[in-house]
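Structure below is start_16.tsv: TSV, C-alpha atoms.
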chain	number	residue	atom	x	y	z
Y	1	MET	CA	14.48	86.91	94.53
Y	2	ASN	CA	16.66	89.96	94.62
Y	3	TYR	CA	19.64	88.39	92.84
Y	4	TYR	CA	17.70	88.11	89.69
Y	5	ASP	CA	16.12	90.95	87.82
Y	6	THR	CA	14.67	89.05	84.89
Y	7	ASN	CA	11.34	87.35	85.06
Y	8	ASN	CA	12.57	84.05	83.73
Y	9	GLN	CA	11.65	80.42	83.85
Y	10	ILE	CA	15.10	78.95	84.28
Y	11	GLY	CA	14.33	76.31	86.81
Y	12	TYR	CA	17.74	75.20	87.84
Y	13	ILE	CA	19.15	78.68	88.32
Y	14	ASN	CA	16.14	79.61	90.40
Y	15	ASP	CA	16.57	76.38	92.37
Y	16	TYR	CA	20.20	77.25	92.94
Y	17	LEU	CA	19.39	80.74	94.07
Y	18	ASP	CA	16.59	79.47	96.31
Y	19	LYS	CA	18.98	76.97	97.84
Y	20	LEU	CA	21.48	79.76	98.38
Y	21	GLU	CA	18.83	81.93	100.00
Y	22	ARG	CA	17.79	79.06	102.28
Y	23	SER	CA	21.35	78.26	103.28
Y	24	LYS	CA	21.90	81.95	104.03
Y	25	GLN	CA	18.87	81.99	106.30
Y	26	ASP	CA	20.05	78.78	107.94
Y	27	GLN	CA	23.36	80.44	108.58
Y	28	LEU	CA	21.63	83.35	110.26
Y	29	LYS	CA	19.72	80.97	112.55
Y	30	THR	CA	22.65	78.88	113.68
Y	31	PRO	CA	25.91	80.68	114.46
Y	32	GLN	CA	28.51	79.40	112.01
Y	33	PRO	CA	32.27	79.66	112.28
Y	34	GLN	CA	33.22	82.73	110.31
Y	35	ILE	CA	34.74	82.08	106.89
Y	36	LYS	CA	38.23	83.47	106.71
Y	37	THR	CA	37.69	85.60	103.63
Y	38	TYR	CA	40.81	87.59	104.40
Y	39	ASP	CA	43.00	84.49	104.40
Y	40	TYR	CA	41.46	83.29	101.19
Y	41	GLN	CA	42.22	86.58	99.50
Y	42	ASN	CA	45.79	86.53	100.73
Y	43	GLN	CA	46.19	83.01	99.46
Y	44	MET	CA	44.94	84.08	96.05
Y	45	LYS	CA	47.28	87.07	96.10
Y	46	ALA	CA	50.21	84.82	96.96
Y	47	LYS	CA	49.22	82.48	94.18
Y	48	TYR	CA	49.26	85.24	91.60
Y	49	ALA	CA	52.19	87.11	93.09
Y	50	ASN	CA	54.76	85.07	91.21
Y	51	LYS	CA	53.22	86.47	88.00
Y	52	GLU	CA	53.74	83.08	86.44
Y	53	PHE	CA	51.00	83.83	83.94
Y	54	GLY	CA	51.40	87.58	83.98
Y	55	ILE	CA	48.23	87.94	86.04
Y	56	TYR	CA	48.18	90.61	88.71
Y	57	ASP	CA	44.46	90.47	89.25
Y	58	GLU	CA	42.55	90.44	92.44
Y	59	PRO	CA	40.61	87.22	92.85
Y	60	MET	CA	37.20	87.43	91.22
Y	61	LYS	CA	35.02	89.43	93.59
Y	62	GLN	CA	31.52	88.16	93.98
Y	63	ASN	CA	29.23	89.37	91.29
Y	64	GLN	CA	25.98	91.06	92.21
Y	65	ASP	CA	24.06	88.19	90.56
Y	66	ILE	CA	26.15	85.08	90.83
Y	67	GLN	CA	26.93	84.70	94.50
Y	68	ILE	CA	29.63	82.11	95.00
Y	69	ASN	CA	30.76	80.25	91.98
Y	70	PRO	CA	34.20	78.66	92.25
Y	71	ASN	CA	34.03	77.36	88.69
Y	72	VAL	CA	34.07	80.66	86.82
Y	73	PRO	CA	36.94	80.80	84.32
Y	74	LYS	CA	40.09	82.50	85.54
Y	75	PRO	CA	41.29	85.58	83.65
Y	76	PHE	CA	43.52	84.59	80.78
Y	77	PRO	CA	46.92	86.29	80.67
Y	78	ILE	CA	46.98	89.67	78.94
Y	79	ASP	CA	49.61	89.38	76.22
Y	80	LEU	CA	48.97	92.03	73.61
Y	81	PHE	CA	50.17	92.63	70.08
Y	82	PRO	CA	51.31	96.17	69.37
Y	83	ILE	CA	48.08	98.08	68.56
Y	84	ASP	CA	48.88	98.37	64.81
Y	85	GLU	CA	49.63	94.67	64.49
Y	86	GLY	CA	46.53	93.72	66.49
Y	87	PHE	CA	44.29	95.93	64.37
Y	88	THR	CA	45.76	94.36	61.22
Y	89	LYS	CA	45.26	90.82	62.47
Y	90	GLY	CA	41.81	91.33	63.93
Y	91	THR	CA	42.67	90.90	67.61
Y	92	ILE	CA	45.05	92.52	70.05
Y	93	PHE	CA	45.25	89.31	72.13
Y	94	ARG	CA	48.36	87.49	70.95
Y	95	ASN	CA	47.33	84.07	72.28
Y	96	LYS	CA	43.86	84.29	70.73
Y	97	TYR	CA	44.98	84.94	67.15
Y	98	ILE	CA	44.45	82.01	64.78
Y	99	PRO	CA	45.65	82.62	61.20
Y	100	TYR	CA	43.85	81.10	58.19
Y	101	LYS	CA	46.00	78.83	55.99
Y	102	ASN	CA	49.01	80.88	54.94
Y	103	TYR	CA	47.10	84.09	54.28
Y	104	GLN	CA	48.94	87.12	55.60
Y	105	PRO	CA	46.71	89.90	56.93
Y	106	ARG	CA	47.39	93.06	54.98
Y	107	ARG	CA	48.47	96.06	57.00
Y	108	VAL	CA	46.29	99.11	56.43
Y	109	GLN	CA	48.52	101.56	54.58
Y	110	PRO	CA	47.11	105.06	54.75
Y	111	GLN	CA	48.01	107.13	51.70
Y	112	THR	CA	46.81	110.56	52.78
Y	113	GLU	CA	46.85	112.54	56.01
Y	114	LYS	CA	43.08	112.01	56.29
Y	115	GLU	CA	43.47	108.23	55.98
Y	116	ARG	CA	46.31	108.23	58.46
Y	117	MET	CA	44.32	110.15	61.04
Y	118	LEU	CA	41.23	107.98	60.54
Y	119	TYR	CA	43.39	104.88	60.90
Y	120	GLU	CA	44.47	106.14	64.33
Y	121	VAL	CA	40.81	106.47	65.38
Y	122	ASP	CA	39.98	102.98	64.01
Y	123	LYS	CA	42.87	101.19	65.70
Y	124	TYR	CA	42.52	102.79	69.14
Y	125	TYR	CA	38.76	102.26	69.19
Y	126	PHE	CA	39.26	98.64	68.17
Y	127	ALA	CA	41.78	97.96	70.93
Y	128	LEU	CA	39.59	99.78	73.44
Y	129	HIS	CA	36.59	97.67	72.42
Y	130	GLU	CA	38.56	94.44	72.82
Y	131	ILE	CA	39.82	95.37	76.28
Y	132	ARG	CA	36.29	96.35	77.24
Y	133	MET	CA	35.08	92.84	76.37
Y	134	TYR	CA	37.92	91.34	78.43
Y	135	LEU	CA	36.76	93.48	81.34
Y	136	ASP	CA	33.15	92.37	80.83
Y	137	ALA	CA	34.35	88.87	81.71
Y	138	PHE	CA	37.05	89.84	84.23
Y	139	PRO	CA	36.02	93.15	85.81
Y	140	ASN	CA	38.61	92.91	88.57
Y	141	SER	CA	41.66	92.96	86.33
Y	142	ARG	CA	43.63	96.01	87.39
Y	143	GLU	CA	46.04	95.51	84.49
Y	144	ALA	CA	43.19	95.54	81.95
Y	145	ILE	CA	41.65	98.67	83.48
Y	146	GLU	CA	45.00	100.45	83.20
Y	147	ILE	CA	45.32	99.44	79.55
Y	148	PHE	CA	41.71	100.46	78.97
Y	149	ASN	CA	42.30	103.93	80.38
Y	150	ASN	CA	45.42	104.52	78.31
Y	151	LEU	CA	43.65	103.40	75.14
Y	152	GLN	CA	40.59	105.48	75.93
Y	153	GLU	CA	42.78	108.57	76.21
Y	154	GLU	CA	44.49	107.78	72.88
Y	155	TYR	CA	41.14	107.16	71.17
Y	156	ILE	CA	39.64	110.44	72.38
Y	157	LYS	CA	42.78	112.31	71.26
Y	158	ALA	CA	42.83	110.64	67.83
Y	159	LYS	CA	39.11	111.19	67.27
Y	160	HIS	CA	39.28	114.85	68.25
Y	161	ALA	CA	42.30	115.42	66.02
Y	162	TYR	CA	40.56	113.81	63.04
Y	163	GLU	CA	37.26	115.63	63.55
Y	164	THR	CA	38.94	119.01	63.92
Y	165	ARG	CA	40.48	118.63	60.46
Y	166	PHE	CA	38.18	116.36	58.47
Y	167	GLY	CA	34.69	116.69	59.88
Y	168	PRO	CA	32.51	115.07	62.52
Y	169	LEU	CA	32.34	111.35	63.20
Y	170	ASP	CA	29.48	111.63	65.71
Y	171	ILE	CA	27.09	114.04	67.36
Y	172	GLU	CA	29.49	115.48	69.92
Y	173	ALA	CA	32.21	116.31	67.41
Y	174	PRO	CA	33.67	119.82	67.17
Y	175	GLY	CA	32.63	121.94	64.17
Y	176	LEU	CA	28.93	121.13	64.18
Y	177	ASP	CA	28.12	124.82	64.73
Y	178	LYS	CA	29.12	125.80	61.16
Y	179	ILE	CA	26.82	126.51	58.20
Y	180	PRO	CA	26.22	124.32	56.28
Y	181	PHE	CA	25.78	121.55	58.81
Y	182	GLN	CA	29.01	119.54	58.67
Y	183	TRP	CA	27.49	116.13	59.45
Y	184	THR	CA	26.29	115.73	55.87
Y	185	MET	CA	29.38	117.22	54.27
Y	186	SER	CA	31.71	114.23	54.54
Y	187	LYS	CA	31.40	111.00	52.55
Y	188	TRP	CA	29.58	108.02	54.00
Y	189	PRO	CA	31.72	104.98	54.76
Y	190	TRP	CA	30.38	102.94	51.84
Y	191	GLU	CA	30.99	105.82	49.43
Y	192	GLY	CA	34.70	105.64	50.04
Y	193	GLY	CA	34.48	107.56	53.28
Y	194	SER	CA	37.17	105.29	54.70
Y	195	GLN	CA	39.55	106.31	51.89
N	1	MET	CA	20.36	103.43	72.96
N	2	TRP	CA	22.92	103.37	70.21
N	3	ARG	CA	25.22	105.97	68.73
N	4	TYR	CA	26.64	106.05	65.26
N	5	GLU	CA	30.20	106.88	64.25
N	6	LYS	CA	30.57	107.81	60.62
N	7	ARG	CA	33.34	105.33	59.82
N	8	LEU	CA	33.79	101.60	59.38
N	9	GLU	CA	35.18	99.39	62.12
N	10	PHE	CA	37.86	98.26	59.65
N	11	PRO	CA	38.46	100.04	56.32
N	12	VAL	CA	36.90	98.60	53.13
N	13	ASN	CA	38.16	100.08	49.86
N	14	ILE	CA	37.25	97.81	46.95
N	15	LYS	CA	38.07	99.32	43.57
N	16	ARG	CA	37.35	96.37	41.26
N	17	ARG	CA	33.78	95.41	40.41
N	18	ASP	CA	32.97	91.72	40.91
N	19	LEU	CA	29.29	90.87	40.91
N	20	ARG	CA	29.74	87.17	41.53
N	21	MET	CA	31.76	87.92	44.65
N	22	ALA	CA	29.08	90.41	45.76
N	23	LYS	CA	26.46	87.69	45.39
N	24	ASP	CA	28.59	85.24	47.42
N	25	ILE	CA	29.32	87.74	50.21
N	26	LEU	CA	25.62	88.67	50.48
N	27	THR	CA	25.01	85.64	52.72
N	28	GLN	CA	27.05	87.32	55.46
N	29	TYR	CA	24.59	90.21	55.27
N	30	GLY	CA	21.21	88.44	55.36
N	31	GLY	CA	22.04	84.73	55.52
N	32	PRO	CA	21.48	82.27	58.40
N	33	ASP	CA	24.94	82.80	59.90
N	34	GLY	CA	25.31	86.37	58.69
N	35	GLU	CA	26.14	89.47	60.67
N	36	MET	CA	22.56	90.73	60.82
N	37	ALA	CA	21.35	87.47	62.38
N	38	ALA	CA	24.24	87.60	64.85
N	39	ALA	CA	23.52	91.20	65.89
N	40	ILE	CA	19.82	90.56	66.45
N	41	ARG	CA	20.45	87.20	68.14
N	42	TYR	CA	22.85	88.65	70.73
N	43	LEU	CA	21.02	91.88	71.36
N	44	ASN	CA	17.83	89.89	71.86
N	45	GLN	CA	19.38	87.28	74.16
N	46	ARG	CA	21.01	89.79	76.49
N	47	TYR	CA	17.70	90.51	78.26
N	48	SER	CA	17.60	87.04	79.77
N	49	MET	CA	21.24	86.53	80.73
N	50	PRO	CA	21.64	85.61	84.40
N	51	ASP	CA	24.57	87.89	85.29
N	52	GLU	CA	26.39	91.13	84.47
N	53	THR	CA	29.12	89.40	82.46
N	54	GLY	CA	26.56	87.83	80.15
N	55	ARG	CA	24.54	91.01	79.68
N	56	ALA	CA	27.69	93.09	79.07
N	57	LEU	CA	29.30	90.64	76.63
N	58	LEU	CA	26.15	90.15	74.57
N	59	THR	CA	25.64	93.92	74.39
N	60	ASP	CA	29.21	94.60	73.31
N	61	ILE	CA	29.46	91.70	70.84
N	62	GLY	CA	25.98	92.48	69.45
N	63	THR	CA	27.02	96.10	68.97
N	64	GLU	CA	30.17	95.02	67.14
N	65	GLU	CA	28.06	92.79	64.87
N	66	LEU	CA	26.11	95.90	63.83
N	67	ALA	CA	29.43	97.39	62.72
N	68	HIS	CA	30.10	94.18	60.76
N	69	VAL	CA	26.70	94.50	59.03
N	70	GLU	CA	27.87	97.89	57.80
N	71	MET	CA	31.22	96.47	56.61
N	72	ILE	CA	29.51	93.67	54.67
N	73	ALA	CA	26.97	96.07	53.16
N	74	THR	CA	29.86	98.31	52.10
N	75	MET	CA	31.67	95.38	50.49
N	76	VAL	CA	28.58	94.32	48.51
N	77	LYS	CA	27.81	97.90	47.51
N	78	GLN	CA	31.39	98.57	46.34
N	79	LEU	CA	31.63	95.24	44.48
N	80	MET	CA	28.45	96.15	42.56
N	81	GLN	CA	29.33	99.81	41.93
N	82	GLY	CA	28.57	100.80	38.33
N	83	ALA	CA	27.45	97.34	37.16
N	84	THR	CA	25.97	97.07	33.67
N	85	ILE	CA	22.85	95.04	32.80
N	86	GLU	CA	25.10	92.56	30.96
N	87	GLU	CA	27.25	92.03	34.06
N	88	ILE	CA	24.15	91.62	36.23
N	89	LYS	CA	22.85	88.90	33.90
N	90	GLU	CA	26.24	87.18	33.75
N	91	ALA	CA	26.47	87.02	37.55
N	92	GLY	CA	22.96	85.53	37.77
N	93	LEU	CA	21.65	88.58	39.59
N	94	ASP	CA	18.96	89.36	36.99
N	95	ALA	CA	16.12	88.00	39.17
N	96	GLN	CA	17.38	90.16	42.05
N	97	TYR	CA	17.57	93.15	39.71
N	98	ALA	CA	14.01	92.55	38.50
N	99	GLU	CA	12.65	92.62	42.05
N	100	ARG	CA	14.95	95.08	43.82
N	101	GLY	CA	16.85	97.03	41.18
N	102	MET	CA	20.25	97.87	42.66
N	103	ASP	CA	18.93	98.06	46.23
N	104	LEU	CA	20.74	96.18	48.93
N	105	PHE	CA	18.42	93.55	50.38
N	106	PRO	CA	19.22	91.12	53.19
N	107	THR	CA	19.19	87.64	51.63
N	108	ASP	CA	21.56	84.71	51.54
N	109	GLY	CA	23.59	83.98	48.40
N	110	PHE	CA	20.67	82.08	46.87
N	111	GLY	CA	18.29	85.01	47.30
N	112	ASN	CA	16.34	83.60	50.28
N	113	PRO	CA	15.21	86.61	52.31
N	114	PHE	CA	16.44	87.16	55.85
N	115	THR	CA	14.19	85.62	58.48
N	116	VAL	CA	14.07	85.86	62.26
N	117	ALA	CA	13.85	82.06	62.27
N	118	TYR	CA	17.67	82.33	62.24
N	119	ILE	CA	17.55	83.68	65.77
N	120	GLY	CA	17.79	81.20	68.61
N	121	ALA	CA	16.16	81.98	71.93
N	122	VAL	CA	15.08	79.05	74.09
N	123	GLY	CA	14.98	80.67	77.53
N	124	ASP	CA	18.09	78.89	78.77
N	125	PRO	CA	21.30	80.94	78.95
N	126	LEU	CA	23.60	77.97	78.51
N	127	ALA	CA	21.71	76.66	75.47
N	128	ASP	CA	21.64	80.18	73.98
N	129	ILE	CA	25.38	80.64	74.49
N	130	TYR	CA	26.12	77.27	72.90
N	131	GLU	CA	23.98	78.32	69.96
N	132	ASN	CA	26.08	81.49	69.67
N	133	MET	CA	29.30	79.47	69.75
N	134	ALA	CA	27.99	77.33	66.89
N	135	ALA	CA	26.89	80.44	64.98
N	136	GLU	CA	30.36	81.99	65.34
N	137	GLN	CA	32.01	78.80	64.09
N	138	LYS	CA	29.64	78.62	61.12
N	139	ALA	CA	30.28	82.27	60.29
N	140	ARG	CA	34.05	81.62	60.51
N	141	ALA	CA	33.71	78.67	58.12
N	142	VAL	CA	31.66	80.79	55.68
N	143	TYR	CA	34.33	83.52	55.79
N	144	GLU	CA	36.98	80.90	55.02
N	145	ASN	CA	34.93	79.67	52.05
N	146	LEU	CA	34.61	83.27	50.87
N	147	ILE	CA	38.36	83.87	51.26
N	148	ASP	CA	38.95	80.74	49.14
N	149	LEU	CA	36.65	82.17	46.46
N	150	ALA	CA	38.10	85.70	46.52
N	151	THR	CA	40.97	86.79	44.30
N	152	ASP	CA	41.13	90.56	44.93
N	153	PRO	CA	43.40	91.48	47.88
N	154	ASP	CA	41.05	94.41	48.63
N	155	VAL	CA	38.30	91.83	49.24
N	156	ILE	CA	40.46	89.27	51.04
N	157	ALA	CA	41.79	91.79	53.63
N	158	PRO	CA	38.43	92.65	55.26
N	159	LEU	CA	37.24	89.03	54.97
N	160	LEU	CA	40.33	87.79	56.84
N	161	TRP	CA	39.77	90.43	59.49
N	162	LEU	CA	36.09	89.57	59.92
N	163	ARG	CA	37.01	85.88	60.14
N	164	GLU	CA	39.35	86.58	63.04
N	165	ARG	CA	36.55	88.47	64.80
N	166	GLU	CA	34.43	85.30	64.62
N	167	VAL	CA	37.31	83.40	66.24
N	168	ILE	CA	37.46	85.97	69.06
N	169	HIS	CA	33.71	86.07	69.62
N	170	PHE	CA	33.64	82.28	69.75
N	171	ASP	CA	36.31	82.37	72.42
N	172	LEU	CA	34.40	84.95	74.48
N	173	PHE	CA	31.22	82.86	74.27
N	174	ALA	CA	33.17	79.71	75.17
N	175	GLN	CA	34.32	81.43	78.37
N	176	LEU	CA	30.80	82.58	79.11
N	177	ALA	CA	29.57	79.00	78.64
N	178	LYS	CA	32.17	77.79	81.15
N	179	ARG	CA	30.98	80.43	83.56
N	180	TYR	CA	27.36	79.32	83.29
N	181	GLU	CA	28.27	75.64	83.45
N	182	GLY	CA	29.88	76.45	86.79
N	183	LEU	CA	26.77	78.23	87.95
N	184	ILE	CA	24.41	75.50	86.84
N	185	SER	CA	26.44	72.56	88.18
N	186	LYS	CA	26.06	73.86	91.76
Rendering of file as structure tokens:
Amino acid sequence: MNYYDTNNQIGYINDYLDKLERSKQDQLKTPQPQIKTYDYQNQMKAKYANKEFGIYDEPMKQNQDIQINPNVPKPFPIDLFPIDEGFTKGTIFRNKYIPYKNYQPRRVQPQTEKERMLYEVDKYYFALHEIRMYLDAFPNSREAIEIFNNLQEEYIKAKHAYETRFGPLDIEAPGLDKIPFQWTMSKWPWEGGSQ
Amino acid sequence: MWRYEKRLEFPVNIKRRDLRMAKDILTQYGGPDGEMAAAIRYLNQRYSMPDETGRALLTDIGTEELAHVEMIATMVKQLMQGATIEEIKEAGLDAQYAERGMDLFPTDGFGNPFTVAYIGAVGDPLADIYENMAAEQKARAVYENLIDLATDPDVIAPLLWLREREVIHFDLFAQLAKRYEGLISK
């Protein structure tokens, strides 16, 4: 049972995988007409080429665990808010945002240079985290990986800039060679550290 | 393993003390549909997910829930900052004060302590994911109740933001459920 690394008791999944294994072995015994994977991929490419939904993705490649599952959800179109707006609203995915009553999310308004620089770290990390979760579900989205890489670069830049001026945020921050140890020198988040 | 960044996921800066609001928000810390229950539920379930998508999503959402625990703790702490004995009595927190002083303690709004009975794990990925979808919806509803109760914009802003996160997590779990339905229906 090499598809499955957990020692579980999920009967139907095991049954499914067993069935798959058996059908694979059957296939090996009797020569089968070869499946035209190439054609299938081209068809999928043609389908997405019109960019009707803004999807440029490759068709879902087979996962290392789930072998062939035609029913997996298709990637939803990536339509993003500007990063500031997304961070304010609580999601960067425009078509996933659902407001509550007529409450307007309040934009974070940094007052000081420290707040402004921390805000940059917060917003880029947040967007990066959201795109990462999109990629968890749709790992073959080239568009999402491009966005992820841009955001990752921005986050690293913003974090380094903040830490250089206002102290470390984590263990690999610059300035941790000074005496006294800088980790304990800045306020904790609940003590107004995000002010 | 986990790493800590010394900042909140979304800023919380509450300047006005409000002990009643602190007591109400406490349920999102240690209540049945609170952030702590969510974090432990997801990080516990990820070990028995049948594919990479499930393991990755539960890890990433569970990790985010840990950041929400910190936000909620910060809100409660800031709402209670500098409270007098009179204010504690007025807010009905005197029993809490007698047992815990001003310590933060994971309970619901009624003072019932956090329990792992809140955590669903039945050994069936689809059932677990449906449980998570329900938990996200319940947490969203609780945030909406809290927003209705709140009057301070400094309190409403992070509550609105956390509510939207519940909406997003629900959506991610809904997609995961569809994925597993597809797998199981074969």
Write out as a CSV table (one decimal) with C-alpha atoms, keeping the file's coordinate frame each polymer residue whose atoms come within 7 Å of Val121 of chain Y, counting only C-alpha atoms; drop sequence neighbours fewer than 3 positions from it.
chain,number,residue,atom,x,y,z
Y,117,MET,CA,44.3,110.2,61.0
Y,118,LEU,CA,41.2,108.0,60.5
Y,124,TYR,CA,42.5,102.8,69.1
Y,125,TYR,CA,38.8,102.3,69.2
Y,155,TYR,CA,41.1,107.2,71.2
Y,158,ALA,CA,42.8,110.6,67.8
Y,159,LYS,CA,39.1,111.2,67.3
* Residue neighbourhood Gly34 of chain N, 10 Å, only C-alpha atoms, exclusion window fewer than 5 positions, as a PyMOL selection string -> chain N and resi 25-29+39+65+68-69+72+106-108+114+118+135-136+138-139+142-143
* Which of these residues is nearest to Ile147 of chain N, using all atoms listed in the file: N:Val76, N:Asp24, N:Arg16, N:Arg100? -> N:Asp24
Can you check which residues of chain N have any atom within 7 Å of chain Y? Use only C-alpha atoms and format it as an mmCIF file with C-alpha atoms, in the coordinates of the input.
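And here is the file that came out, iface03.cif:
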data_model
loop_
_atom_site.group_PDB
_atom_site.id
_atom_site.type_symbol
_atom_site.label_atom_id
_atom_site.label_comp_id
_atom_site.auth_asym_id
_atom_site.auth_seq_id
_atom_site.Cartn_x
_atom_site.Cartn_y
_atom_site.Cartn_z
ATOM 1 C CA TYR N 4 26.640 106.050 65.260
ATOM 2 C CA GLU N 5 30.200 106.880 64.250
ATOM 3 C CA LYS N 6 30.570 107.810 60.620
ATOM 4 C CA ARG N 7 33.340 105.330 59.820
ATOM 5 C CA LEU N 8 33.790 101.600 59.380
ATOM 6 C CA GLU N 9 35.180 99.390 62.120
ATOM 7 C CA PHE N 10 37.860 98.260 59.650
ATOM 8 C CA PRO N 11 38.460 100.040 56.320
ATOM 9 C CA VAL N 12 36.900 98.600 53.130
ATOM 10 C CA ASN N 13 38.160 100.080 49.860
ATOM 11 C CA SER N 48 17.600 87.040 79.770
ATOM 12 C CA ASP N 51 24.570 87.890 85.290
ATOM 13 C CA THR N 53 29.120 89.400 82.460
ATOM 14 C CA ALA N 56 27.690 93.090 79.070
ATOM 15 C CA LEU N 57 29.300 90.640 76.630
ATOM 16 C CA ASP N 60 29.210 94.600 73.310
ATOM 17 C CA THR N 74 29.860 98.310 52.100
ATOM 18 C CA GLY N 123 14.980 80.670 77.530
ATOM 19 C CA ASP N 124 18.090 78.890 78.770
ATOM 20 C CA ALA N 157 41.790 91.790 53.630
ATOM 21 C CA LEU N 160 40.330 87.790 56.840
ATOM 22 C CA TRP N 161 39.770 90.430 59.490
ATOM 23 C CA GLU N 164 39.350 86.580 63.040
ATOM 24 C CA ARG N 165 36.550 88.470 64.800
ATOM 25 C CA ILE N 168 37.460 85.970 69.060
ATOM 26 C CA GLN N 175 34.320 81.430 78.370
ATOM 27 C CA LYS N 178 32.170 77.790 81.150
ATOM 28 C CA ARG N 179 30.980 80.430 83.560
ATOM 29 C CA GLY N 182 29.880 76.450 86.790
ATOM 30 C CA LEU N 183 26.770 78.230 87.950
ATOM 31 C CA ILE N 184 24.410 75.500 86.840
ATOM 32 C CA LYS N 186 26.060 73.860 91.760
#
* Separation of atom CA of Met49 of chain N and atom CA of Val122 of chain N, in Å? ->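 Taking atom CA of Met49 of chain N and atom CA of Val122 of chain N, their separation equals 11.7 Å.
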* Give as a PyMOL selection string every residue, naming chains and numbers as the document does, that has an atom within 8 Å of (39.3, 91.9, 45.6), counting all atoms listed in the file. => chain N and resi 14-16+18+150-156
Output C-alpha atoms for every residue in the selection just made, as a short mmCIF file (atom, residue, chain, number, x, y, z; two decimals), keeping the file's coordinate frame.
data_model
loop_
_atom_site.label_atom_id
_atom_site.label_comp_id
_atom_site.auth_asym_id
_atom_site.auth_seq_id
_atom_site.Cartn_x
_atom_site.Cartn_y
_atom_site.Cartn_z
CA ILE N 14 37.25 97.81 46.95
CA LYS N 15 38.07 99.32 43.57
CA ARG N 16 37.35 96.37 41.26
CA ASP N 18 32.97 91.72 40.91
CA ALA N 150 38.10 85.70 46.52
CA THR N 151 40.97 86.79 44.30
CA ASP N 152 41.13 90.56 44.93
CA PRO N 153 43.40 91.48 47.88
CA ASP N 154 41.05 94.41 48.63
CA VAL N 155 38.30 91.83 49.24
CA ILE N 156 40.46 89.27 51.04
#
* Asked: Can you tell me how far atom CA of Pro82 of chain Y sits from atom CA of Arg116 of chain Y, in Å to one decimal?
  -> 17.0 Å
* To do: Identify the residues around (27.0, 92.1, 68.9) within a radius of 10 Å, measuring from only C-alpha atoms in the coordinates stated by the file, and give them as a PyMOL selection string.
  => chain N and resi 35-44+46+57-68+169
* **Two-atom distance - atom CA of Gly82 of chain N, atom CA of Asn145 of chain N (Å)** =>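 Taking atom CA of Gly82 of chain N as the start and atom CA of Asn145 of chain N as the end point, the length is 26.0 Å.
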* Structure fact -> Of Y:Ser141, Y:Ile83, Y:Phe76, Y:Glu163, the one nearest to Leu128 of chain Y when counting all atoms listed in the file is Y:Ile83
Centre, edges in Å (one decimal): axis-aligned box, segment 81-86 of chain N, 3 Å padding on all six sides, as AutoDock Vina command-line options:
--center_x 26.1 --center_y 96.7 --center_z 36.4 --size_x 12.5 --size_y 14.2 --size_z 17.0
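With all atoms listed in the file as the atoms that count, the minimum distance from Arg140 of chain N to the choices N:Tyr180, N:Glu86, N:Asp33, N:Asn112 is reached by N:Asp33.
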